[in-house]
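> structure.tsv is reproduced in full below (TSV, C-alpha atoms).
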```
chain	number	residue	atom	x	y	z
A	1	MET	CA	-72.96	23.83	35.54
A	2	ASP	CA	-71.66	23.17	39.04
A	3	PHE	CA	-70.48	19.60	38.55
A	4	LYS	CA	-69.53	17.61	41.64
A	5	PHE	CA	-69.27	13.88	42.23
A	6	THR	CA	-71.60	12.42	44.82
A	7	GLU	CA	-70.13	10.38	47.67
A	8	GLU	CA	-70.99	7.18	45.81
A	9	GLN	CA	-69.32	8.42	42.62
A	10	LEU	CA	-66.23	9.47	44.56
A	11	MET	CA	-66.09	5.99	46.08
A	12	ILE	CA	-66.32	4.43	42.61
A	13	ARG	CA	-63.53	6.67	41.32
A	14	ASP	CA	-61.25	6.06	44.29
A	15	THR	CA	-61.84	2.31	44.17
A	16	ALA	CA	-61.00	2.29	40.46
A	17	GLU	CA	-57.84	4.29	41.09
A	18	ALA	CA	-56.66	1.88	43.80
A	19	PHE	CA	-57.48	-1.21	41.72
A	20	LEU	CA	-55.72	0.07	38.60
A	21	ALA	CA	-52.70	1.28	40.54
A	22	GLU	CA	-52.26	-2.31	41.70
A	23	PHE	CA	-53.10	-4.25	38.55
A	24	SER	CA	-52.37	-1.83	35.68
A	25	GLY	CA	-48.99	-0.43	36.60
A	26	SER	CA	-46.15	0.19	34.18
A	27	ALA	CA	-44.83	-3.37	34.39
A	28	ALA	CA	-48.27	-4.89	33.73
A	29	VAL	CA	-48.90	-2.59	30.76
A	30	ARG	CA	-45.54	-3.39	29.19
A	31	GLU	CA	-46.03	-7.10	29.76
A	32	GLN	CA	-49.34	-7.02	27.94
A	33	MET	CA	-47.84	-4.98	25.09
A	34	ALA	CA	-45.09	-7.57	24.68
A	35	ALA	CA	-47.68	-10.36	24.55
A	36	GLN	CA	-49.39	-9.04	21.42
A	37	PRO	CA	-50.93	-10.31	19.24
A	38	ALA	CA	-52.25	-12.36	22.14
A	39	ALA	CA	-55.81	-11.44	23.07
A	40	TYR	CA	-55.65	-9.78	26.50
A	41	ASP	CA	-54.83	-10.55	30.11
A	42	ALA	CA	-57.63	-13.00	30.92
A	43	GLU	CA	-56.95	-12.87	34.65
A	44	LEU	CA	-57.16	-9.07	34.73
A	45	TRP	CA	-60.40	-9.17	32.74
A	46	ARG	CA	-61.78	-11.76	35.17
A	47	ARG	CA	-60.96	-9.46	38.09
A	48	ILE	CA	-62.61	-6.52	36.34
A	49	CYS	CA	-65.75	-8.54	35.64
A	50	THR	CA	-66.11	-10.48	38.87
A	51	ASP	CA	-64.46	-8.30	41.51
A	52	MET	CA	-65.32	-4.84	40.18
A	53	TYR	CA	-68.25	-5.56	37.80
A	54	TRP	CA	-67.33	-2.53	35.70
A	55	GLN	CA	-68.43	-4.17	32.44
A	56	ALA	CA	-72.03	-3.82	33.62
A	57	ILE	CA	-71.77	-0.42	35.27
A	58	HIS	CA	-74.39	1.32	33.10
A	59	VAL	CA	-76.28	-1.76	31.93
A	60	PRO	CA	-79.85	-1.71	33.31
A	61	GLU	CA	-80.54	-4.01	36.23
A	62	GLN	CA	-83.15	-6.04	34.32
A	63	TYR	CA	-80.36	-7.18	31.98
A	64	GLY	CA	-77.94	-8.13	34.72
A	65	GLY	CA	-76.22	-4.77	35.17
A	66	LEU	CA	-75.70	-2.32	38.00
A	67	GLY	CA	-78.11	0.21	36.53
A	68	LEU	CA	-75.83	3.18	37.16
A	69	GLY	CA	-75.34	6.15	34.85
A	70	TYR	CA	-72.81	7.58	32.43
A	71	VAL	CA	-71.25	9.80	35.09
A	72	GLU	CA	-70.38	6.66	37.06
A	73	LEU	CA	-68.87	5.25	33.87
A	74	LEU	CA	-66.80	8.44	33.52
A	75	ALA	CA	-65.58	7.99	37.11
A	76	VAL	CA	-64.10	4.64	36.06
A	77	LEU	CA	-62.82	5.66	32.63
A	78	GLU	CA	-60.66	8.54	33.82
A	79	PRO	CA	-58.50	6.29	36.04
A	80	MET	CA	-58.33	3.81	33.16
A	81	GLY	CA	-56.83	6.49	30.96
A	82	ARG	CA	-54.47	7.51	33.74
A	83	HIS	CA	-53.15	3.94	34.06
A	84	LEU	CA	-53.25	2.97	30.34
A	85	LEU	CA	-55.44	-0.03	31.05
A	86	CYS	CA	-54.84	-2.77	28.46
A	87	SER	CA	-58.14	-4.61	28.31
A	88	PRO	CA	-61.18	-4.96	26.02
A	89	PHE	CA	-63.19	-2.67	28.31
A	90	PHE	CA	-63.59	0.26	25.91
A	91	ALA	CA	-64.55	-1.98	22.99
A	92	THR	CA	-66.96	-4.05	25.06
A	93	VAL	CA	-68.65	-1.41	27.20
A	94	CYS	CA	-68.29	1.88	25.34
A	95	LEU	CA	-68.85	0.55	21.82
A	96	ALA	CA	-70.73	-2.78	21.74
A	97	ALA	CA	-72.83	-2.38	24.90
A	98	ASN	CA	-73.81	1.15	23.92
A	99	ALA	CA	-74.84	-0.09	20.46
A	100	LEU	CA	-77.08	-2.70	22.09
A	101	LEU	CA	-78.54	-0.16	24.53
A	102	VAL	CA	-79.36	2.17	21.66
A	103	ALA	CA	-80.46	-0.22	18.90
A	104	ALA	CA	-81.51	-3.61	20.34
A	105	ASP	CA	-85.04	-4.65	21.24
A	106	ASP	CA	-85.92	-6.06	24.65
A	107	ARG	CA	-85.29	-9.66	23.63
A	108	GLN	CA	-81.88	-8.82	22.18
A	109	LYS	CA	-80.92	-6.76	25.21
A	110	ALA	CA	-81.91	-9.58	27.54
A	111	GLU	CA	-79.76	-11.99	25.54
A	112	PHE	CA	-76.66	-9.99	24.61
A	113	LEU	CA	-76.37	-7.43	27.41
A	114	ALA	CA	-76.67	-10.30	29.86
A	115	GLN	CA	-73.73	-11.96	28.09
A	116	ILE	CA	-71.64	-8.80	28.44
A	117	ALA	CA	-72.63	-8.48	32.08
A	118	ALA	CA	-71.40	-12.05	32.54
A	119	GLY	CA	-67.98	-11.20	31.11
A	120	THR	CA	-68.30	-11.80	27.37
A	121	THR	CA	-66.02	-9.47	25.38
A	122	ALA	CA	-67.47	-7.59	22.43
A	123	THR	CA	-66.74	-4.80	19.98
A	124	LEU	CA	-68.27	-2.65	17.25
A	125	ALA	CA	-67.01	-2.67	13.64
A	126	TRP	CA	-68.03	0.11	11.28
A	127	THR	CA	-64.94	1.74	9.73
A	128	GLY	CA	-63.96	0.70	6.22
A	129	ALA	CA	-60.58	0.53	4.51
A	130	ARG	CA	-60.48	4.32	4.05
A	131	GLY	CA	-60.59	4.85	7.79
A	132	GLN	CA	-63.52	7.27	7.94
A	133	TRP	CA	-64.87	7.40	11.47
A	134	SER	CA	-68.27	8.89	10.63
A	135	VAL	CA	-71.49	7.01	9.99
A	136	ALA	CA	-71.12	7.68	6.27
A	137	GLY	CA	-67.75	5.89	6.32
A	138	VAL	CA	-69.38	2.44	6.54
A	139	GLU	CA	-68.19	0.38	3.55
A	140	GLY	CA	-69.16	-3.24	4.26
A	141	VAL	CA	-72.36	-4.32	2.52
A	142	TRP	CA	-75.39	-6.43	3.34
A	143	SER	CA	-77.97	-8.10	1.17
A	144	ARG	CA	-81.03	-10.22	1.84
A	145	SER	CA	-81.27	-13.98	1.51
A	146	GLY	CA	-84.87	-14.85	2.26
A	147	GLU	CA	-85.48	-13.73	5.84
A	148	ASP	CA	-81.75	-13.73	6.63
A	149	PHE	CA	-78.98	-11.28	5.77
A	150	VAL	CA	-75.60	-11.81	4.09
A	151	LEU	CA	-72.54	-9.68	4.95
A	152	ASN	CA	-69.57	-9.04	2.67
A	153	GLY	CA	-66.63	-6.64	2.89
A	154	GLN	CA	-63.85	-5.51	5.19
A	155	TRP	CA	-63.80	-3.49	8.39
A	156	ARG	CA	-60.57	-1.98	9.69
A	157	PHE	CA	-59.28	-0.40	12.91
A	158	VAL	CA	-61.72	-2.44	15.01
A	159	PRO	CA	-60.76	-2.11	18.70
A	160	ASP	CA	-60.01	-5.57	20.12
A	161	GLY	CA	-61.62	-7.07	17.05
A	162	HIS	CA	-59.21	-10.01	16.95
A	163	SER	CA	-60.26	-11.26	20.39
A	164	ALA	CA	-63.88	-10.14	20.92
A	165	GLN	CA	-66.36	-12.95	21.42
A	166	LEU	CA	-69.37	-10.96	20.25
A	167	LEU	CA	-69.48	-8.57	17.30
A	168	VAL	CA	-71.78	-5.71	16.39
A	169	ILE	CA	-71.20	-4.90	12.73
A	170	ALA	CA	-72.46	-1.91	10.73
A	171	ALA	CA	-72.99	-2.47	7.02
A	172	ARG	CA	-74.80	-0.70	4.21
A	173	GLU	CA	-77.22	-2.03	1.63
A	174	ALA	CA	-75.48	-2.75	-1.66
A	175	GLY	CA	-75.64	0.33	-3.89
A	176	SER	CA	-76.43	2.82	-1.12
A	177	ASP	CA	-74.25	5.74	-0.10
A	178	GLY	CA	-73.95	8.36	2.63
A	179	GLU	CA	-76.13	7.52	5.61
A	180	ASP	CA	-78.71	5.63	3.58
A	181	GLY	CA	-79.13	1.89	3.80
A	182	ILE	CA	-77.11	1.33	6.98
A	183	SER	CA	-77.99	-1.58	9.27
A	184	LEU	CA	-76.55	-2.98	12.49
A	185	PHE	CA	-76.09	-6.70	13.06
A	186	VAL	CA	-75.00	-8.72	16.09
A	187	LEU	CA	-73.28	-12.07	15.59
A	188	PRO	CA	-70.82	-14.40	17.30
A	189	ALA	CA	-67.14	-14.05	16.43
A	190	ASP	CA	-66.96	-17.64	15.20
A	191	ALA	CA	-69.59	-17.18	12.49
A	192	PRO	CA	-68.70	-19.13	9.29
A	193	GLY	CA	-67.02	-16.92	6.68
A	194	LEU	CA	-65.82	-14.32	9.22
A	195	GLY	CA	-62.07	-13.63	9.26
A	196	ARG	CA	-60.12	-11.64	11.85
A	197	GLU	CA	-56.57	-10.33	11.74
A	198	TRP	CA	-54.63	-8.37	14.36
A	199	LEU	CA	-53.24	-5.07	13.04
A	200	PRO	CA	-49.88	-3.79	14.32
A	201	ALA	CA	-50.29	-0.19	15.51
A	202	MET	CA	-48.20	2.60	16.94
A	203	ASP	CA	-50.21	2.48	20.16
A	204	GLN	CA	-49.72	-1.04	21.50
A	205	THR	CA	-51.94	-0.42	24.52
A	206	ARG	CA	-55.17	-0.54	22.45
A	207	PRO	CA	-55.12	-3.46	19.98
A	208	GLN	CA	-56.90	-3.13	16.65
A	209	ALA	CA	-57.94	-5.65	14.04
A	210	ARG	CA	-59.20	-6.09	10.51
A	211	LEU	CA	-62.41	-8.06	10.00
A	212	SER	CA	-63.51	-9.60	6.72
A	213	CYS	CA	-66.85	-11.15	5.84
A	214	ARG	CA	-67.35	-13.48	2.92
A	215	ASP	CA	-70.98	-14.44	2.56
A	216	VAL	CA	-71.52	-14.41	6.32
A	217	VAL	CA	-75.14	-15.31	7.04
A	218	VAL	CA	-76.84	-13.42	9.86
A	219	PRO	CA	-80.26	-14.70	10.94
A	220	ALA	CA	-83.08	-12.17	11.03
A	221	ARG	CA	-82.95	-12.16	14.84
A	222	GLY	CA	-79.42	-10.71	14.56
A	223	LEU	CA	-80.67	-7.45	13.01
A	224	LEU	CA	-80.66	-4.51	15.42
A	225	GLY	CA	-83.46	-2.09	14.68
A	226	GLU	CA	-84.94	-1.71	11.23
A	227	ALA	CA	-83.05	-2.77	8.11
A	228	GLY	CA	-81.47	0.16	6.28
A	229	ARG	CA	-82.48	2.73	8.91
A	230	ALA	CA	-79.77	2.37	11.55
A	231	ALA	CA	-77.71	5.46	10.68
A	232	PRO	CA	-79.15	7.55	13.58
A	233	LEU	CA	-78.62	4.61	15.95
A	234	LEU	CA	-75.00	4.17	14.87
A	235	GLY	CA	-74.46	7.92	15.14
A	236	LYS	CA	-75.79	7.96	18.70
A	237	THR	CA	-73.58	5.00	19.60
A	238	LEU	CA	-70.50	6.76	18.26
A	239	ASP	CA	-71.38	9.93	20.16
A	240	LEU	CA	-71.65	7.96	23.39
A	241	ALA	CA	-68.32	6.29	22.64
A	242	SER	CA	-66.71	9.67	21.92
A	243	ILE	CA	-67.74	10.91	25.36
A	244	ALA	CA	-66.33	7.78	26.98
A	245	LEU	CA	-63.07	8.19	25.08
A	246	ALA	CA	-62.91	11.85	26.12
A	247	ALA	CA	-63.05	10.78	29.77
A	248	GLU	CA	-60.15	8.40	29.14
A	249	GLN	CA	-58.20	11.21	27.49
A	250	VAL	CA	-58.68	13.44	30.53
A	251	GLY	CA	-57.17	10.76	32.75
A	252	GLY	CA	-54.18	10.37	30.45
A	253	ALA	CA	-53.63	14.11	30.19
A	254	GLN	CA	-53.75	14.51	33.96
A	255	ARG	CA	-51.21	11.72	34.42
A	256	VAL	CA	-48.85	13.25	31.86
A	257	LEU	CA	-49.12	16.64	33.58
A	258	ASP	CA	-48.39	15.06	36.98
A	259	MET	CA	-45.36	13.27	35.54
A	260	SER	CA	-44.04	16.52	34.08
A	261	VAL	CA	-44.44	18.50	37.30
A	262	GLU	CA	-42.79	15.72	39.31
A	263	TYR	CA	-39.86	15.50	36.89
A	264	SER	CA	-39.39	19.28	36.77
A	265	ARG	CA	-38.98	19.31	40.55
A	266	GLU	CA	-36.32	16.61	40.41
A	267	ARG	CA	-34.38	17.83	37.37
A	268	VAL	CA	-31.60	20.22	38.39
A	269	GLN	CA	-30.07	22.69	35.94
A	270	PHE	CA	-27.82	25.64	36.69
A	271	GLY	CA	-27.89	24.71	40.36
A	272	ARG	CA	-31.66	24.62	40.88
A	273	SER	CA	-34.67	22.56	39.84
A	274	ILE	CA	-36.15	23.50	36.50
A	275	ALA	CA	-39.56	23.79	38.21
A	276	SER	CA	-38.32	27.16	39.50
A	277	PHE	CA	-37.85	28.50	35.96
A	278	GLN	CA	-40.55	30.90	34.88
A	279	ALA	CA	-40.91	29.29	31.45
A	280	ILE	CA	-41.66	25.90	33.03
A	281	LYS	CA	-44.12	27.46	35.49
A	282	HIS	CA	-46.00	29.18	32.67
A	283	LYS	CA	-46.11	26.00	30.57
A	284	ALA	CA	-47.37	23.95	33.52
A	285	ALA	CA	-50.06	26.54	34.26
A	286	ASP	CA	-51.20	26.52	30.62
A	287	LEU	CA	-51.36	22.73	30.60
A	288	LEU	CA	-53.34	22.69	33.84
A	289	LEU	CA	-55.89	25.04	32.27
A	290	LYS	CA	-56.17	22.75	29.23
A	291	VAL	CA	-56.66	19.64	31.36
A	292	GLU	CA	-59.26	21.22	33.63
A	293	SER	CA	-61.18	22.62	30.66
A	294	ALA	CA	-61.14	19.18	29.05
A	295	ARG	CA	-62.38	17.62	32.30
A	296	SER	CA	-65.27	20.10	32.41
A	297	ALA	CA	-66.20	19.30	28.81
A	298	ALA	CA	-66.12	15.55	29.44
A	299	SER	CA	-68.12	15.86	32.67
A	300	TYR	CA	-70.82	17.94	31.02
A	301	ALA	CA	-70.99	15.53	28.08
A	302	ALA	CA	-71.32	12.56	30.45
A	303	CYS	CA	-74.35	14.22	32.04
A	304	ILE	CA	-75.92	14.70	28.61
A	305	ALA	CA	-75.10	11.10	27.67
A	306	GLY	CA	-76.85	9.81	30.77
A	307	ARG	CA	-79.93	11.85	29.95
A	308	ALA	CA	-79.82	10.70	26.31
A	309	LEU	CA	-79.84	7.02	27.32
A	310	LEU	CA	-82.90	7.73	29.46
A	311	GLY	CA	-84.59	9.61	26.62
A	312	ASP	CA	-84.37	12.98	28.36
A	313	ALA	CA	-81.94	14.56	25.85
A	314	GLY	CA	-82.24	14.74	22.08
A	315	ASP	CA	-79.76	13.42	19.53
A	316	ALA	CA	-78.73	16.95	18.53
A	317	GLU	CA	-77.87	17.87	22.13
A	318	LEU	CA	-75.88	14.65	22.53
A	319	ARG	CA	-74.10	15.21	19.22
A	320	GLU	CA	-73.02	18.70	20.20
A	321	ALA	CA	-71.83	17.67	23.66
A	322	ALA	CA	-69.91	14.70	22.25
A	323	SER	CA	-68.11	16.80	19.65
A	324	VAL	CA	-67.22	19.53	22.16
A	325	ALA	CA	-65.83	16.95	24.58
A	326	LYS	CA	-63.93	14.96	21.96
A	327	ALA	CA	-62.41	18.08	20.38
A	328	TRP	CA	-61.31	19.58	23.71
A	329	CYS	CA	-60.00	16.34	25.18
A	330	SER	CA	-58.18	15.23	22.04
A	331	ASP	CA	-56.38	18.55	21.76
A	332	ALA	CA	-55.63	18.73	25.48
A	333	TYR	CA	-54.20	15.22	25.70
A	334	PHE	CA	-51.96	15.52	22.64
A	335	LEU	CA	-50.77	19.02	23.60
A	336	THR	CA	-50.03	17.91	27.16
A	337	ALA	CA	-48.16	14.81	26.00
A	338	GLY	CA	-46.10	16.81	23.49
A	339	SER	CA	-45.29	19.52	26.01
A	340	ALA	CA	-44.32	16.87	28.56
A	341	ILE	CA	-41.71	15.55	26.16
A	342	GLN	CA	-40.30	19.08	25.86
A	343	ILE	CA	-40.11	19.37	29.66
A	344	HIS	CA	-38.43	15.98	29.97
A	345	GLY	CA	-36.08	16.52	27.06
A	346	GLY	CA	-34.63	13.59	25.11
A	347	ILE	CA	-35.36	10.99	27.78
A	348	GLY	CA	-39.07	11.63	27.30
A	349	VAL	CA	-39.08	9.51	24.14
A	350	THR	CA	-36.86	6.71	25.41
A	351	TRP	CA	-38.31	3.25	25.94
A	352	GLU	CA	-37.47	3.23	29.64
A	353	TYR	CA	-39.78	6.16	30.40
A	354	ASP	CA	-43.55	5.66	30.32
A	355	LEU	CA	-44.11	9.09	28.82
A	356	GLN	CA	-43.68	7.75	25.28
A	357	LEU	CA	-46.52	5.29	25.95
A	358	TYR	CA	-48.86	8.15	26.84
A	359	PHE	CA	-47.72	10.15	23.82
A	360	LYS	CA	-48.64	7.24	21.53
A	361	ARG	CA	-51.98	6.74	23.28
A	362	SER	CA	-52.72	10.46	22.98
A	363	ARG	CA	-52.11	10.32	19.25
A	364	SER	CA	-54.15	7.18	18.64
A	365	SER	CA	-57.01	8.44	20.84
A	366	GLU	CA	-56.98	11.74	18.99
A	367	VAL	CA	-57.62	9.97	15.68
A	368	LEU	CA	-60.06	7.36	17.01
A	369	LEU	CA	-63.68	8.47	16.45
A	370	GLY	CA	-62.49	11.67	14.73
A	371	ASN	CA	-59.91	14.27	15.69
A	372	GLY	CA	-60.53	17.73	17.09
A	373	ALA	CA	-60.66	19.42	13.69
A	374	GLN	CA	-63.32	17.01	12.43
A	375	HIS	CA	-65.48	17.50	15.50
A	376	ARG	CA	-65.16	21.30	15.37
A	377	GLU	CA	-66.23	21.14	11.74
A	378	ARG	CA	-69.27	19.11	12.79
A	379	ILE	CA	-70.12	21.68	15.48
A	380	ALA	CA	-69.82	24.47	12.91
A	381	ALA	CA	-72.14	22.62	10.55
A	382	MET	CA	-74.69	22.17	13.33
A	383	LEU	CA	-74.56	25.88	14.21
A	384	LEU	CA	-74.88	26.97	10.58
A	385	ASP	CA	-77.79	24.61	9.98
```
Rewrite the structure of this file - the entire thing - as structure tokens.

Amino acid sequence: MDFKFTEEQLMIRDTAEAFLAEFSGSAAVREQMAAQPAAYDAELWRRICTDMYWQAIHVPEQYGGLGLGYVELLAVLEPMGRHLLCSPFFATVCLAANALLVAADDRQKAEFLAQIAAGTTATLAWTGARGQWSVAGVEGVWSRSGEDFVLNGQWRFVPDGHSAQLLVIAAREAGSDGEDGISLFVLPADAPGLGREWLPAMDQTRPQARLSCRDVVVPARGLLGEAGRAAPLLGKTLDLASIALAAEQVGGAQRVLDMSVEYSRERVQFGRSIASFQAIKHKAADLLLKVESARSAASYAACIAGRALLGDAGDAELREAASVAKAWCSDAYFLTAGSAIQIHGGIGVTWEYDLQLYFKRSRSSEVLLGNGAQHRERIAAMLLD
């Protein structure tokens, strides 16, 4: 595929780069990290929502969005990864909004997507205490109470779950296992019986939380799709989120590579810059190949994601593209970050240098939504089937 941004997409990318360079620099990122467990920078989120309108970039126009595609979303996500944006954007747009696009009916889309387009923060909770990122890893349970539903259980590692104003929660019918009995529910974060707790994490640039439900009542209108049959919908949502995360990882990997090349030109050893050493040249060339391959995988997957949201690509095609992109980009980001520390030497892991922040983000992003090994195993299973 000969992938090239259009002029409009280039403008979106360049505008995002300029905005984030100004408002998500090193000082801003560190300030937000120090503020945890505070929610997020409300002023930055206001600027994102009102000045840039990124939260509605791929929301259809009839629901208050811009009606653009997944490639335009990728054009914004890569700069976000490059600048370690600390905001509820990924949780709101790439998890919750995608779940609504995939599973909600027209009435629910008109209500909840319009809220997101207006700046409401949201997230998706599906992972249980065992930390399994697949659809089958859902552990929270639901039961019926007349026409309503009752949720019980715990959900962990929920991105921005402690601050989101709107929640999409995946739960399984009591007694079910695997991908059977799974349903998706949308509810406000202040629902009676719902508890939220911020979780300290190695990567302080992407907050996580633990949610608990104790007899939380969800009205029938809060059910997304058909009760007990939402496993394919959740799977599609997670595939879309994996592609979005892969785009973020490309941005981070590119930034780490740029930092390493810049440092190697400045660092002098034995009377010359280490950039002139053949070993450094070879390592930089290898890393460039990894980053560009990851970018190609993410770009291709974004095209498939856009077609899938329009109904022009099947779930199997989306699943394969998502796993290829997530595997390549996870491996590329973590390898690039680790190699960058080797190029920098001991200072690469000191608090004063931003490289350690990217290394932590690379590790957390690798695990989130499944690491490279898990996605390669899924690709192998698809090929063998």
> Using only C-alpha atoms, what does the table of region 184-297 of chain A residues within 9 Å of region 107-114 of chain A look like, with each row giving the shortest atom pair and its distance in Å to one decimal, sorted by chain and ascending number, as a tab-separated table?

```
residue	atom	partner	partner_atom	distance
A:Val186	CA	A:Phe112	CA	8.8
A:Arg221	CA	A:Gln108	CA	8.1
A:Gly222	CA	A:Gln108	CA	8.2
A:Leu224	CA	A:Gln108	CA	8.1
```
> Per residue of region 147-176 of chain A within 8 Å of region 120-137 of chain A, what are the shortest atom pair and its distance in Å to one decimal, counting only C-alpha atoms, with rows by chain and residue number, as CSV?

```
residue,atom,partner,partner_atom,distance
A:Gln154,CA,A:Gly128,CA,6.3
A:Trp155,CA,A:Gly128,CA,4.7
A:Arg156,CA,A:Gly128,CA,5.5
A:Phe157,CA,A:Thr127,CA,6.8
A:Val158,CA,A:Ala125,CA,5.5
A:Pro159,CA,A:Thr123,CA,6.7
A:Asp160,CA,A:Thr123,CA,6.8
A:Gly161,CA,A:Thr123,CA,6.3
A:Ser163,CA,A:Thr121,CA,7.8
A:Ala164,CA,A:Ala122,CA,4.7
A:Gln165,CA,A:Thr121,CA,5.3
A:Leu166,CA,A:Ala122,CA,4.4
A:Leu167,CA,A:Thr123,CA,5.4
A:Val168,CA,A:Leu124,CA,4.7
A:Ile169,CA,A:Ala125,CA,4.8
A:Ala170,CA,A:Trp126,CA,4.9
A:Ala171,CA,A:Trp126,CA,7.0
```
> Quick one: of A:Ala301, A:Leu335, A:Ala327, A:Ala253, who's nearest to Gln374 (chain A), counting all atoms listed in the file?
A:Ala327
> Compile the contact shell of region 263-279 of chain A as an MDAnalysis selection string: residues with an atom at most 10 Å away, counting all atoms listed in the file, same-chain residues fewer than 5 positions apart removed.
chainID A and resid 257:258 284:285 340 343:344
> Quick one: of A:Ala247, A:Phe334, A:Glu320, A:Ile347, who's nearest to Glu377 (chain A), counting all atoms listed in the file?
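Among A:Ala247, A:Phe334, A:Glu320, A:Ile347, it is A:Glu320 that comes nearest to Glu377 (chain A).
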> Can you pull out every residue within 12 Å of region 79-83 of chain A, counting all atoms listed in the file, but drop anything in the same chain fewer than 6 positions away, and send it as a PyMOL selection string?
chain A and resi 10+12-30+48+54+72-73+89-90+205-206+244-259+329+333+354-355+357-358+361-362+365
> Quick check, in Å to one decimal: how far apart do CA of Gly175 (chain A) and CA of Ala230 (chain A) lie?
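So the two atoms, CA of Gly175 (chain A) and CA of Ala230 (chain A), lie 16.1 Å apart.
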> Give the answer as one residue: which of A:Lys326, A:Gly306, A:Ser299, A:Gln62 has the shortest atom-to-atom distance to Phe5 (chain A), using only C-alpha atoms?
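Using only C-alpha atoms, Phe5 (chain A) sits closest to A:Ser299.
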> Nearest to Glu226 (chain A): which of A:Ala325, A:Ala103, A:Val71, A:Ala191 is it, counting all atoms listed in the file?
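Residue with the minimum atom-to-atom distance to Glu226 (chain A): A:Ala103.
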> Can you tell me how far CA of Asn152 (chain A) sits from CA of Asp215 (chain A), in Å to one decimal?
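Computing the Euclidean distance for CA of Asn152 (chain A) and CA of Asp215 (chain A) yields 5.6 Å.
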> Which residue out of A:Leu194, A:Ala373, A:Ser293, A:Tyr70 has the minimum interatomic distance to Arg214 (chain A) when all atoms listed in the file are used?
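The shortest atom-to-atom distance to Arg214 (chain A) comes from A:Leu194.
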> Which of these, A:Val261, A:Ile280, A:Leu287, A:Ala241, has the shortest distance to Leu318 (chain A) once you count only C-alpha atoms?
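Of A:Val261, A:Ile280, A:Leu287, A:Ala241, the one nearest Leu318 (chain A) is A:Ala241, counting only C-alpha atoms.
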> Find the residues near Ala56 (chain A): any atom within 8 Å, counting all atoms listed in the file, skip ones fewer than 3 places away on the same chain, and give them as an MDAnalysis selection string.
chainID A and resid 53 59 64:67 93 116:117
> One number please: CA of Asp312 (chain A) to CA of Gly235 (chain A), in Å, one decimal.
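Computing it gives 17.3 Å between the two atoms.
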> Using only C-alpha atoms and a cutoff of 9 Å, can you tell me which residues are near (-75.5, -7.9, 4.5) in the file's coordinates, and write them out as a PyMOL selection string?
chain A and resi 140-145+148-152+171-174+183+185+215-218
> Give as an NGL selection string the set of residues within 12 Å of the point (-65.3, 20.5, 14.5), where distances use the file's coordinates and only C-alpha atoms.
:A and (319-328 or 330-331 or 370-383)
